[in-house]
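Comments concern the structure below.
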Amino acid sequence: EADLQGSAERAHSRRSDPFNFDPGGEGATVGALNQDIDARILWFGTVRGRIGALLQPLLLLYATAGLAYGETKVTGSGTATGGLTGISYAFSSSKVNVGWTAGAGLEGMLPNCKGWTWKLEYLHVDLGSQSGTGTDAVFATTYSWNAKFTDDIVRVGVNYHLP
């Protein structure tokens, strides 16, 4: 079984790392480096096998697992408060990740509709992670980011089986 879909999945995180800044030895200034990260799954698809058992003559309980793939994007920015207010940076990274998927479902024949079935399915999708590092242009401060891409999906569908 194979599928492909668009996605509006998005996660946001904010991180704040405090620091002491004392450039002239006249007393430390307390500040923080604040980082905002947005991680998105733009689209994804799966290619899976299914195996199951009939619960009744017209109702199948199945497990499914296989390959997941999709485009992920991470964007973010950082700014400093306190003594290092000149620090700011932005980053963006997009790539196609490959991972795995697994789930389970029920599929049953629709009454009086030859060849048509209904389906209720749960899938867990794991597209791995995306990370990076950089250096701001003003103070050469190193920053890093990491985003993990997973999703849990419940689907309801209708299938047609060719004779």
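Labels used: A, B, ... for chains in the order of the structure tokens, numbers from 1 for residues in each chain, and numbers from 1 for ligands as shown.
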Can you check which parts of stretch 25-88 of chain A lie within 7 Å of stretch 108-126 of chain A? Per residue, the shortest pair of atoms and distance in Å to one decimal, counting only C-alpha atoms, sorted by chain and number, as JSON lines.
```
{"residue": "A:Leu58", "atom": "CA", "partner": "A:Gly108", "partner_atom": "CA", "distance": 5.5}
{"residue": "A:Leu59", "atom": "CA", "partner": "A:Gly108", "partner_atom": "CA", "distance": 4.3}
{"residue": "A:Leu60", "atom": "CA", "partner": "A:Gly108", "partner_atom": "CA", "distance": 6.1}
{"residue": "A:Ala68", "atom": "CA", "partner": "A:Val125", "partner_atom": "CA", "distance": 6.7}
```
Filtering to C-alpha atoms, could you give me those residues as a PDB file, in the first residue's frame?
```pdb
ATOM      1  CA  LEU A  58     -16.386  -9.299   6.164  1.00  0.00           C
ATOM      2  CA  LEU A  59     -14.065  -7.609   8.732  1.00  0.00           C
ATOM      3  CA  LEU A  60     -10.245  -7.617   8.634  1.00  0.00           C
ATOM      4  CA  ALA A  68       8.050   6.713   5.360  1.00  0.00           C
TER       5      ALA A  68
END
```
Non-local contacts of stretch 139-153 of chain A (8 Å; only C-alpha atoms; under 3 positions in same chain excluded) as a PyMOL selection string: chain A and resi 37+39+41+72+74+86-87+122-136
For atom CA of A:Arg10 and atom CA of A:Leu106, the interatomic separation in Å (one decimal):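 Separation between atom CA of A:Arg10 and atom CA of A:Leu106: 28.5 Å.
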Point-to-point distance in Å for atom CA of A:Val96 and atom CA of A:Val158: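 These atoms are spaced 28.9 Å apart.
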Nearest residue to A:Asp36 from the set A:Ser92, A:Gln56, A:Thr64, A:Ser7 (distances using only C-alpha atoms): A:Ser92
Atom-to-atom span, atom CA of A:Ala80 and atom CA of A:Asn34, Å: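 Computing the Euclidean distance for atom CA of A:Ala80 and atom CA of A:Asn34 yields 6.0 Å.
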Which of A:Gly6, A:Gly157, A:Gly45, A:Gly66 sits closest to A:Glu107 [using only C-alpha atoms]: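 Counting only C-alpha atoms, the residue closest to A:Glu107 is A:Gly157.
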Picked from chain A by DSSP as strand (DSSP E or B), as a PyMOL selection string: chain A and resi 2-21+29-56+59-81+88-109+116-135+142-160
Nearest to A:Thr81, chosen from A:Leu67, A:Ala2, A:Val156, A:Leu33, with only C-alpha atoms counted in the distances: A:Leu33
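Of the residues listed (A:Tyr69, A:Thr75, A:Ser16, A:Arg155), A:Arg155 shows the shortest atom-to-atom separation from A:Ala104; distances use only C-alpha atoms.
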